[in-house]
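So this block is structure24.csv, CSV, C-alpha atoms:
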```csv
chain,number,residue,atom,x,y,z
A,325,MET,CA,82.5,-0.4,8.7
A,326,LYS,CA,79.5,-1.5,10.7
A,327,LYS,CA,79.0,2.1,11.9
A,328,TYR,CA,78.9,3.3,8.4
A,329,LYS,CA,76.4,0.8,7.4
A,330,LEU,CA,74.2,1.8,10.3
A,331,VAL,CA,74.4,5.4,9.3
A,332,ILE,CA,73.5,4.6,5.7
A,333,PHE,CA,70.5,2.5,6.9
A,334,MET,CA,69.3,5.2,9.2
A,335,ALA,CA,69.6,7.8,6.4
A,336,SER,CA,67.7,5.5,4.1
A,337,LEU,CA,64.9,5.1,6.7
A,338,VAL,CA,64.6,8.8,7.1
A,339,LEU,CA,64.3,9.2,3.3
A,340,ILE,CA,61.6,6.5,3.1
A,341,VAL,CA,59.6,8.2,5.9
A,342,ALA,CA,59.9,11.5,4.2
A,343,VAL,CA,58.7,10.1,0.9
A,344,LEU,CA,55.8,8.4,2.6
A,345,ALA,CA,54.9,11.6,4.4
A,346,GLY,CA,54.9,13.5,1.1
A,347,CYS,CA,52.7,10.9,-0.5
A,348,THR,CA,50.3,11.0,2.4
A,349,SER,CA,49.6,14.7,2.0
A,350,SER,CA,48.2,14.2,-1.5
A,351,ASN,CA,47.0,10.5,-1.5
A,352,PRO,CA,43.2,10.3,-1.5
A,353,VAL,CA,43.3,6.9,0.1
A,354,ALA,CA,45.4,8.2,3.0
A,355,GLU,CA,43.1,11.1,3.4
A,356,GLU,CA,40.1,8.8,3.5
A,357,LEU,CA,41.8,6.8,6.2
A,358,ALA,CA,42.5,9.9,8.2
A,359,LYS,CA,38.9,10.9,8.4
A,360,GLN,CA,37.2,10.5,11.8
A,361,ARG,CA,34.3,8.2,12.0
A,362,ALA,CA,31.7,7.5,14.6
A,363,ALA,CA,29.1,4.7,15.0
A,364,LEU,CA,25.4,5.2,14.7
A,365,ILE,CA,23.4,2.5,16.6
A,366,ILE,CA,19.7,2.1,16.1
A,367,GLY,CA,18.4,-0.1,18.9
A,368,GLU,CA,15.4,-2.0,20.0
A,369,PHE,CA,13.3,-2.0,16.9
A,370,ASP,CA,11.3,-4.9,15.5
A,371,GLU,CA,11.8,-6.1,11.9
A,372,ILE,CA,8.1,-5.9,11.3
A,373,HIS,CA,8.8,-2.1,10.8
A,374,THR,CA,10.8,-0.8,7.9
A,375,ILE,CA,13.6,1.7,8.5
A,376,THR,CA,15.9,3.0,5.8
A,377,VAL,CA,19.2,4.8,6.4
A,378,ASN,CA,20.4,7.0,3.5
A,379,GLY,CA,18.0,5.1,1.2
A,380,THR,CA,19.1,1.6,2.3
A,381,GLU,CA,16.7,-0.7,4.3
A,382,ILE,CA,18.3,-2.0,7.5
A,383,ASN,CA,17.6,-5.1,9.5
A,384,PRO,CA,18.2,-5.6,13.2
A,385,ASP,CA,20.5,-8.2,14.6
A,386,GLU,CA,19.3,-10.9,17.1
A,387,ASP,CA,19.4,-8.3,19.9
A,388,GLY,CA,17.2,-5.9,17.9
A,389,ASN,CA,20.1,-3.5,17.1
A,390,TRP,CA,21.7,-2.2,14.0
A,391,LYS,CA,24.9,-0.2,13.6
A,392,ASP,CA,27.3,1.3,11.1
A,393,LEU,CA,30.1,3.9,10.8
A,394,PHE,CA,29.7,7.4,9.4
A,395,GLU,CA,32.0,10.3,8.9
A,396,VAL,CA,31.8,12.9,11.7
A,397,GLY,CA,29.9,15.9,10.6
A,398,SER,CA,28.0,14.1,7.9
A,399,GLU,CA,24.2,14.0,7.7
A,400,VAL,CA,22.3,10.7,8.0
A,401,ARG,CA,18.7,10.5,6.6
A,402,LEU,CA,16.3,8.3,8.4
A,403,VAL,CA,12.9,7.1,7.0
A,404,VAL,CA,10.4,5.1,9.0
A,405,ASP,CA,7.6,3.0,7.6
A,406,PRO,CA,5.6,1.4,10.5
A,407,ALA,CA,3.9,-2.0,10.1
A,408,PRO,CA,0.2,-1.9,9.2
A,409,GLY,CA,-1.9,-1.1,12.2
A,410,TRP,CA,1.0,0.5,14.0
A,411,GLU,CA,1.9,4.2,14.6
A,412,PHE,CA,5.4,5.7,14.7
A,413,LEU,CA,5.7,8.0,17.8
A,414,GLY,CA,9.2,9.3,17.3
A,415,TRP,CA,12.9,9.0,18.0
A,416,ASP,CA,14.3,9.3,21.6
A,417,PHE,CA,17.0,11.8,20.7
A,418,ASP,CA,14.6,14.7,20.3
A,419,GLU,CA,11.0,15.0,21.5
A,420,ASN,CA,10.2,16.8,18.2
A,421,ALA,CA,11.7,14.0,16.0
A,422,ASN,CA,8.3,12.4,15.3
A,423,GLU,CA,8.2,12.7,11.6
A,424,LEU,CA,8.5,9.7,9.3
A,425,GLU,CA,11.5,11.3,7.6
A,426,THR,CA,14.2,13.1,9.6
A,427,THR,CA,18.0,13.9,9.3
A,428,ILE,CA,20.6,13.8,12.0
A,429,VAL,CA,24.2,15.1,12.1
A,430,MET,CA,26.9,12.7,13.3
A,431,PHE,CA,29.0,13.9,16.2
A,432,ASP,CA,32.5,12.7,17.2
A,433,ASP,CA,31.0,10.3,19.7
A,434,ASN,CA,29.1,7.1,19.0
A,435,THR,CA,25.4,7.8,18.9
A,436,ARG,CA,22.6,5.4,19.9
A,437,ILE,CA,19.0,6.2,19.0
A,438,THR,CA,15.8,4.3,19.5
A,439,PRO,CA,12.5,4.5,17.6
A,440,THR,CA,9.2,4.2,19.4
A,441,PHE,CA,6.0,2.6,18.0
A,442,ASN,CA,2.6,2.2,19.6
A,443,ASP,CA,1.5,-1.3,20.4
A,444,GLY,CA,-2.0,-1.3,19.0
A,445,LEU,CA,-4.1,-0.2,16.0
A,446,VAL,CA,-4.0,3.4,15.0
A,447,ASP,CA,-7.2,5.1,15.9
A,448,VAL,CA,-8.4,6.0,12.4
A,449,GLY,CA,-11.9,6.9,13.7
A,450,ALA,CA,-15.2,5.1,14.2
A,451,GLU,CA,-17.2,7.6,12.2
A,452,GLY,CA,-19.0,5.7,9.4
A,453,LEU,CA,-17.5,2.4,10.6
A,454,ASP,CA,-19.3,-0.5,8.9
A,455,MET,CA,-18.8,-4.2,7.9
A,456,GLU,CA,-20.7,-5.7,5.0
A,457,MET,CA,-20.5,-8.8,2.8
A,458,GLU,CA,-18.0,-8.4,-0.1
A,459,THR,CA,-18.6,-11.9,-1.5
A,460,GLN,CA,-21.6,-14.1,-0.5
A,461,PRO,CA,-21.1,-17.9,0.0
A,462,GLY,CA,-22.6,-20.0,-2.7
A,463,ASN,CA,-24.1,-23.5,-2.9
A,464,THR,CA,-21.4,-26.0,-2.2
A,465,VAL,CA,-20.7,-29.7,-2.4
A,466,VAL,CA,-20.4,-31.3,1.0
A,467,GLY,CA,-16.7,-31.6,2.2
A,468,GLU,CA,-15.5,-29.0,-0.3
A,469,ASN,CA,-14.4,-25.4,0.4
A,470,ILE,CA,-17.5,-23.1,0.6
A,471,GLU,CA,-18.1,-21.5,-2.8
A,472,GLY,CA,-17.4,-17.8,-3.1
A,473,PRO,CA,-15.1,-17.8,-1.2
A,474,PRO,CA,-17.0,-15.7,1.4
A,475,ALA,CA,-15.5,-12.4,2.2
A,476,VAL,CA,-16.4,-9.2,4.2
A,477,ILE,CA,-15.1,-5.7,3.9
A,478,ILE,CA,-14.7,-3.1,6.8
A,479,SER,CA,-14.5,0.6,6.1
A,480,ASN,CA,-15.2,4.0,7.6
A,481,ASN,CA,-15.5,7.5,6.3
A,482,GLN,CA,-11.8,7.5,5.6
A,483,GLY,CA,-11.9,4.4,3.4
A,484,PRO,CA,-10.9,0.7,4.0
A,485,VAL,CA,-9.7,-0.3,7.4
A,486,GLU,CA,-6.7,-2.6,7.5
A,487,GLY,CA,-5.6,-5.0,10.2
A,488,VAL,CA,-8.9,-5.9,11.8
A,489,GLU,CA,-9.4,-9.5,12.9
A,490,VAL,CA,-12.7,-11.0,11.7
A,491,THR,CA,-14.2,-14.2,13.2
A,492,VAL,CA,-16.6,-16.5,11.4
A,493,SER,CA,-19.2,-18.9,12.8
A,494,ILE,CA,-22.3,-20.7,11.6
A,495,GLU,CA,-25.9,-20.4,12.8
A,496,SER,CA,-26.4,-24.1,13.6
A,497,ASP,CA,-24.9,-26.9,15.7
A,498,LEU,CA,-22.7,-28.0,12.8
A,499,ASP,CA,-18.9,-28.1,12.9
A,500,LEU,CA,-17.4,-25.5,10.6
A,501,ASP,CA,-13.9,-26.4,9.6
A,502,GLY,CA,-11.1,-24.2,8.3
A,503,THR,CA,-9.5,-20.9,9.4
A,504,MET,CA,-12.0,-19.2,11.7
A,505,VAL,CA,-10.1,-15.8,12.0
A,506,GLN,CA,-8.9,-13.7,9.1
A,507,THR,CA,-7.4,-10.2,9.1
A,508,THR,CA,-8.5,-7.4,6.7
A,509,ASP,CA,-6.0,-6.5,4.1
A,510,GLU,CA,-5.1,-3.1,2.7
A,511,ASN,CA,-8.4,-3.0,0.9
A,512,GLY,CA,-10.3,-3.7,4.1
A,513,ILE,CA,-11.2,-7.2,3.0
A,514,ALA,CA,-11.0,-10.4,5.0
A,515,THR,CA,-11.4,-13.6,2.8
A,516,PHE,CA,-12.3,-17.0,4.2
A,517,ASP,CA,-11.1,-19.4,1.5
A,518,ASP,CA,-10.9,-22.7,3.3
A,519,LEU,CA,-14.2,-23.1,5.1
A,520,VAL,CA,-15.7,-26.6,4.9
A,521,ILE,CA,-19.1,-28.1,6.0
A,522,ASP,CA,-19.3,-31.9,6.3
A,523,GLN,CA,-23.1,-32.2,6.5
A,524,VAL,CA,-25.7,-31.8,3.7
A,525,GLY,CA,-28.3,-29.2,4.5
A,526,GLU,CA,-30.2,-26.2,3.3
A,527,GLY,CA,-30.3,-22.5,4.4
A,528,TYR,CA,-27.0,-22.3,6.1
A,529,VAL,CA,-25.9,-18.8,7.2
A,530,LEU,CA,-22.4,-17.6,8.1
A,531,VAL,CA,-22.0,-15.1,10.9
A,532,PHE,CA,-19.0,-12.7,10.7
A,533,GLU,CA,-18.0,-10.6,13.8
A,534,ALA,CA,-15.3,-8.1,14.6
A,535,GLU,CA,-14.5,-5.3,16.9
A,536,PHE,CA,-12.8,-2.0,16.1
A,537,ALA,CA,-12.4,1.2,18.1
A,538,ASP,CA,-14.4,-0.5,20.8
A,539,ILE,CA,-17.3,-0.9,18.5
A,540,PRO,CA,-18.6,-4.5,17.8
A,541,LEU,CA,-19.4,-5.3,14.2
A,542,ARG,CA,-21.5,-8.1,12.8
A,543,VAL,CA,-22.9,-9.1,9.4
A,544,ASP,CA,-24.8,-12.3,8.3
A,545,SER,CA,-24.4,-13.9,4.9
A,546,GLU,CA,-27.2,-14.9,2.7
A,547,ALA,CA,-28.5,-18.5,3.1
A,548,PHE,CA,-26.8,-21.2,1.0
A,549,ASP,CA,-27.1,-25.0,0.6
A,550,VAL,CA,-24.6,-27.8,1.0
A,551,VAL,CA,-25.5,-30.7,-1.3
A,552,GLU,CA,-24.2,-34.3,-1.7
A,553,GLU,CA,-24.0,-34.6,-5.4
A,554,GLU,CA,-21.6,-32.8,-7.7
A,555,LEU,CA,-23.1,-29.5,-8.8
A,556,ASP,CA,-23.1,-28.2,-12.3
A,557,VAL,CA,-20.5,-25.4,-12.8
A,558,TYR,CA,-21.3,-22.4,-14.9
A,559,THR,CA,-19.2,-19.6,-16.3
A,560,LEU,CA,-19.9,-15.9,-15.7
A,561,THR,CA,-18.1,-13.8,-18.3
A,562,MET,CA,-17.6,-10.2,-17.3
A,563,GLU,CA,-16.9,-8.2,-20.4
A,564,GLU,CA,-14.8,-5.0,-20.6
A,565,PRO,CA,-17.1,-2.1,-19.6
A,566,LYS,CA,-18.2,0.4,-22.2
A,567,GLY,CA,-16.9,3.8,-21.0
A,568,GLU,CA,-14.7,4.5,-18.0
A,569,GLY,CA,-15.1,2.6,-14.8
A,570,THR,CA,-14.4,-0.6,-12.8
A,571,VAL,CA,-16.4,-3.7,-12.2
A,572,THR,CA,-16.7,-6.5,-9.6
A,573,PRO,CA,-16.0,-9.4,-10.4
A,574,ASP,CA,-13.1,-8.4,-12.5
A,575,VAL,CA,-13.1,-8.5,-16.3
A,576,GLY,CA,-12.7,-12.1,-17.4
A,577,ASP,CA,-14.3,-15.6,-16.8
A,578,HIS,CA,-15.4,-16.8,-13.4
A,579,GLU,CA,-16.8,-20.2,-12.5
A,580,PHE,CA,-19.6,-20.7,-10.0
A,581,ASN,CA,-21.7,-23.7,-8.8
A,582,ASP,CA,-25.3,-24.0,-10.0
A,583,GLY,CA,-27.6,-21.7,-8.0
A,584,THR,CA,-24.9,-19.4,-6.7
A,585,VAL,CA,-26.0,-15.7,-6.4
A,586,VAL,CA,-23.1,-13.5,-7.5
A,587,GLU,CA,-22.9,-9.9,-6.5
A,588,LEU,CA,-22.1,-7.4,-9.2
A,589,LYS,CA,-20.8,-3.9,-8.7
A,590,ALA,CA,-20.0,-1.1,-11.2
A,591,VAL,CA,-18.1,2.0,-10.1
A,592,PRO,CA,-17.8,4.9,-12.7
A,593,SER,CA,-14.5,6.8,-13.1
A,594,ARG,CA,-14.5,10.1,-11.2
A,595,GLY,CA,-12.4,11.8,-13.8
A,596,GLU,CA,-8.7,12.2,-14.4
A,597,PHE,CA,-6.6,15.1,-15.5
A,598,ASP,CA,-6.4,15.3,-19.3
A,599,GLY,CA,-3.8,17.9,-20.4
A,600,VAL,CA,-0.4,18.4,-21.8
A,601,PHE,CA,2.5,19.8,-19.9
A,602,ALA,CA,5.9,21.2,-20.9
A,603,SER,CA,8.8,22.7,-19.0
A,604,ASN,CA,11.4,25.2,-20.0
A,605,GLU,CA,15.1,24.2,-20.1
A,606,ASP,CA,16.0,25.9,-16.8
A,607,GLN,CA,13.4,23.9,-14.9
A,608,GLY,CA,11.4,27.1,-14.2
A,609,ASN,CA,7.6,27.4,-14.2
A,610,VAL,CA,5.6,24.7,-15.9
A,611,GLU,CA,2.6,25.8,-17.8
A,612,SER,CA,-0.3,23.6,-18.9
A,613,ASN,CA,-3.0,23.8,-21.6
A,614,GLU,CA,-6.7,23.7,-20.8
A,615,ILE,CA,-7.7,21.3,-18.1
A,616,ARG,CA,-10.5,18.9,-18.9
A,617,ILE,CA,-12.0,16.6,-16.3
A,618,PRO,CA,-14.3,14.0,-17.9
A,619,MET,CA,-16.9,12.6,-15.6
A,620,TRP,CA,-18.7,9.2,-16.0
A,621,ARG,CA,-21.8,7.8,-14.5
A,622,PHE,CA,-23.3,4.3,-14.5
A,623,SER,CA,-26.1,3.8,-17.0
A,624,HIS,CA,-27.1,0.1,-16.9
A,625,TRP,CA,-26.1,-3.6,-17.2
A,626,GLU,CA,-26.3,-5.7,-20.2
A,627,GLY,CA,-27.1,-9.3,-19.4
A,628,ASP,CA,-29.5,-11.4,-17.2
A,629,VAL,CA,-29.0,-9.4,-14.0
A,630,GLU,CA,-31.5,-8.9,-11.2
A,631,ASN,CA,-31.7,-5.1,-11.7
A,632,ARG,CA,-30.3,-3.6,-14.9
A,633,GLU,CA,-30.5,0.0,-13.6
A,634,SER,CA,-28.7,-0.5,-10.3
A,635,ALA,CA,-24.9,-0.2,-10.1
A,636,GLU,CA,-25.0,-2.9,-7.3
A,637,THR,CA,-27.1,-5.9,-8.2
A,638,THR,CA,-26.9,-9.8,-8.4
A,639,ILE,CA,-27.0,-12.5,-11.0
A,640,THR,CA,-28.1,-16.1,-10.4
A,641,MET,CA,-25.9,-18.7,-12.0
A,642,ASP,CA,-28.1,-21.4,-13.5
A,643,ALA,CA,-26.4,-21.3,-16.9
A,644,ASP,CA,-23.4,-19.7,-18.6
A,645,LYS,CA,-23.9,-16.0,-18.6
A,646,THR,CA,-22.3,-12.8,-19.9
A,647,VAL,CA,-22.7,-9.3,-18.4
A,648,ARG,CA,-21.3,-5.9,-19.3
A,649,ALA,CA,-21.4,-2.6,-17.4
A,650,ILE,CA,-22.3,0.5,-19.5
A,651,PHE,CA,-20.9,3.9,-18.4
A,652,VAL,CA,-21.7,7.2,-20.1
A,653,GLU,CA,-19.9,10.5,-20.0
A,654,ASP,CA,-21.9,13.0,-18.0
A,655,GLU,CA,-21.6,16.3,-19.8
A,656,GLU,CA,-23.5,18.1,-17.1
A,657,ILE,CA,-20.9,17.4,-14.4
A,658,VAL,CA,-18.1,19.8,-15.1
A,659,ASP,CA,-16.0,19.3,-12.0
A,660,PRO,CA,-16.1,17.0,-9.0
A,661,GLU,CA,-16.0,18.5,-5.5
A,662,THR,CA,-12.3,17.8,-5.3
A,663,PHE,CA,-9.8,15.8,-7.3
A,664,ASP,CA,-6.0,15.1,-7.4
A,665,VAL,CA,-4.0,16.6,-10.2
A,666,THR,CA,-0.6,14.9,-11.0
A,667,PHE,CA,2.0,16.7,-13.1
A,668,VAL,CA,4.9,14.8,-14.8
A,669,VAL,CA,7.7,17.1,-16.0
A,670,VAL,CA,10.2,15.7,-18.5
A,671,ASP,CA,12.9,17.0,-20.8
A,672,GLY,CA,13.0,16.7,-24.6
A,673,ASP,CA,14.3,13.1,-24.3
A,674,GLY,CA,11.5,12.1,-22.0
A,675,ASN,CA,13.7,12.0,-18.9
A,676,PRO,CA,12.0,13.1,-15.6
A,677,ILE,CA,13.1,16.5,-14.2
A,678,ALA,CA,13.5,16.8,-10.5
A,679,GLY,CA,13.2,20.1,-8.7
A,680,ALA,CA,11.0,21.8,-11.2
A,681,GLU,CA,8.4,24.3,-9.8
A,682,VAL,CA,4.9,23.7,-10.9
A,683,GLU,CA,2.1,26.2,-10.6
A,684,LEU,CA,-1.6,25.5,-10.8
A,685,GLY,CA,-3.8,28.6,-10.6
A,686,PRO,CA,-3.8,30.3,-7.2
A,687,LEU,CA,-2.6,27.1,-5.4
A,688,THR,CA,0.8,27.0,-3.6
A,689,PRO,CA,3.4,25.9,-6.2
A,690,GLN,CA,4.8,22.4,-5.9
A,691,THR,CA,8.2,21.0,-6.7
A,692,THR,CA,8.7,17.8,-8.6
A,693,GLY,CA,10.5,14.8,-7.0
A,694,GLU,CA,13.2,12.5,-8.5
A,695,ASP,CA,10.5,10.9,-10.7
A,696,GLY,CA,9.6,14.2,-12.2
A,697,LYS,CA,6.1,14.1,-10.5
A,698,THR,CA,4.2,16.3,-8.1
A,699,VAL,CA,0.6,16.1,-7.0
A,700,PHE,CA,-1.8,18.8,-6.1
A,701,ALA,CA,-4.2,17.0,-3.7
A,702,ASN,CA,-7.9,17.8,-3.2
A,703,VAL,CA,-8.1,20.5,-5.8
A,704,PRO,CA,-11.5,22.2,-5.4
```
Write-out of the structure in structure tokens:
Amino acid sequence: MKKYKLVIFMASLVLIVAVLAGCTSSNPVAEELAKQRAALIIGEFDEIHTITVNGTEINPDEDGNWKDLFEVGSEVRLVVDPAPGWEFLGWDFDENANELETTIVMFDDNTRITPTFNDGLVDVGAEGLDMEMETQPGNTVVGENIEGPPAVIISNNQGPVEGVEVTVSIESDLDLDGTMVQTTDENGIATFDDLVIDQVGEGYVLVFEAEFADIPLRVDSEAFDVVEEELDVYTLTMEEPKGEGTVTPDVGDHEFNDGTVVELKAVPSRGEFDGVFASNEDQGNVESNEIRIPMWRFSHWEGDVENRESAETTITMDADKTVRAIFVEDEEIVDPETFDVTFVVVDGDGNPIAGAEVELGPLTPQTTGEDGKTVFANVP
């Protein structure tokens, strides 16, 4: 009897195993478990840099490493965004893998890769390098933050220079309190918003110094006063410009102490693409109607400014004042030297179309991205 029971048990076990084996061959969960995986380890990178793996930003552990499992044979897309002022030199698995975007194929062994970055500012060139006052200091009450606040801007022929340390001092034996070193932002501007002078006086001058590409830079502010009594405060209203362009200070109300000299700047629009685009249903060629590039130029200021005809001028705040920049469309300027043309391709419901080929005259055709956009840069 015991022997019989054992035979029945063993037969049942064989049957169960056979059933499980049959399920495994068609069970997607079992198939997924059967796939071979390998670890990808990204080592020795600082969290100041941004790295994404298959579209997801990763963060290093306390040892500076990151790892995850991937199916053997699958492709892994790596995108690197170095911190401002740093340069990505490449991945150590291939001397040619120095692009910001690259793809690797996972092998059956665990893979460790390491990115390399330079340890200093990217050499963006010293040609045209200059530092100038962005915002002048204004007359200030003793013990309060210097009016303005004072700011400088660093640029070269390629545009604003980010990541440069600027030091401020004062041309006197006075103590200047506050943050003495500021770093230029993405617009090349370093702003000193907490400087304080604790002694009444006239004709103070701030000195700003920096060094970039082994070139020393210096600019001195205009003279300003520090007074004991509370100063009258006046409002400068910058109205919306007439025509197309931007102004500094921005459109709106700005308060300044009595006697503050405010710098004004007007920059006309250089023109944008003005056209209508349509795509066919199979995402083929995209045709446009006539391209029109409107150009604008600065005409004059309205208001009590120092020089109405100059795009860069000043206004002295001794009362509430209102100014407005006037831009006029310049019919004589047909085309700029170069400009960027952006195409947006959508379907009938307004949804962006990715992968559409766009042609613009004799230029090399471009393909739209996931947002349906593509850009022809520096079109002559």
### Query
Pick the closest to Ser398 (chain A) from A:Ile372, A:Val665, A:Ala421, A:Ala362: which is it, counting only C-alpha atoms?
A:Ala362
### Message
From (-20.1, -14.9, -4.7), in the file's coordinates, out to 8 Å: which residues are reached, counting all atoms listed in the file? Answer as a PyMOL selection string.
### Response
chain A and resi 459-462+471-474+580+584-587
### Query
So which one's closest to Gly367 (chain A), A:Leu424, A:Asn481, A:Arg436, A:Trp415? Using all atoms listed in the file, please.
A:Arg436
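In this comparison, which uses all atoms listed in the file, the residue of A:Glu694, A:Glu510, A:Asp642, A:Asp418 approaching Thr440 (chain A) most closely is A:Asp418.
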### Message
When you look at Glu381 (chain A) with a cut-off of 12 Å (counting all atoms listed in the file), what residues show up, excluding the ones that are within fewer than 2 positions of it in the same chain? I need them as a PyMOL selection string.
### Response
chain A and resi 371+373-379+383-384+390+401-405
### Message
Please report the interatomic distance between CA of Arg648 (chain A) and CA of Asp582 (chain A) in Å with one decimal.
### Response
20.7 Å
Distance cut-off 10 Å, centre (27.5, 17.0, 14.9) in file coordinates, counting only C-alpha atoms: which residues qualify? Return them as a PDB file with C-alpha atoms, in the coordinates of the input.
```pdb
ATOM      1  CA  VAL A 396      31.800  12.900  11.700  1.00  0.00           C
ATOM      2  CA  GLY A 397      29.900  15.900  10.600  1.00  0.00           C
ATOM      3  CA  SER A 398      28.000  14.100   7.900  1.00  0.00           C
ATOM      4  CA  GLU A 399      24.200  14.000   7.700  1.00  0.00           C
ATOM      5  CA  ILE A 428      20.600  13.800  12.000  1.00  0.00           C
ATOM      6  CA  VAL A 429      24.200  15.100  12.100  1.00  0.00           C
ATOM      7  CA  MET A 430      26.900  12.700  13.300  1.00  0.00           C
ATOM      8  CA  PHE A 431      29.000  13.900  16.200  1.00  0.00           C
ATOM      9  CA  ASP A 432      32.500  12.700  17.200  1.00  0.00           C
ATOM     10  CA  ASP A 433      31.000  10.300  19.700  1.00  0.00           C
TER      11      ASP A 433
END
```
### Nearest to Ser479 (chain A), chosen from A:Thr508, A:Thr503, A:Ser493, A:Thr570, with only C-alpha atoms counted in the distances
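With only C-alpha atoms as the atom set, the closest residue is A:Thr508.
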### Task
Show which residues sit within 7 Å of Gly583 (chain A), as a list in words. Count all atoms listed in the file, and ignore same-chain residues fewer than 4 positions away.
Asn463, Thr640, Met641 and Asp642 of chain A
### Message
Using only C-alpha atoms for the distances, tell me which of A:Gly674, A:Gly627, A:Gly696, A:Gly567 is nearest to Leu588 (chain A).
### Response
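Using only C-alpha atoms, the shortest distance to Leu588 (chain A) belongs to A:Gly627.
Using only C-alpha atoms, the contacts of Val529 (chain A) at a cut-off of 12 Å, with sequence neighbours closer than 3 positions omitted, comprise Gln460, Pro461, Gly462, Asn463, Ile470, Pro474, Val492, Ser493, Ile494, Glu495, Ser496, Asp497, Leu498, Leu500, Ile521, Gly525, Glu526, Phe532, Val543, Asp544, Ser545, Glu546, Ala547, Phe548, Asp549 and Val550 of chain A.
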### Query
Which of these residues is nearest to Glu451 (chain A), using all atoms listed in the file: A:Ile513, A:Met562, A:Val531, A:Val485?
A:Val485
### Query
What's the 12 Å shell around Glu636 (chain A), counting all atoms listed in the file, without same-chain residues fewer than 5 positions away, as a list in words?
Glu458, Val571, Thr572, Pro573, Val586, Glu587, Leu588, Lys589, Ala590, Val591, Pro592, Phe622, Ser623, His624, Trp625, Val629, Glu630, Asn631 and Ala649 of chain A
### Message
List the spatial neighbours of region 686-690 of chain A as a PyMOL selection string - criterion: any atom at most 8 Å away, only C-alpha atoms, same-chain residues fewer than 4 positions off excluded.
### Response
chain A and resi 681-682+698-700
### Query
What gap, in Å, lies between CA of Phe394 (chain A) and CA of Pro439 (chain A)?
19.3 Å
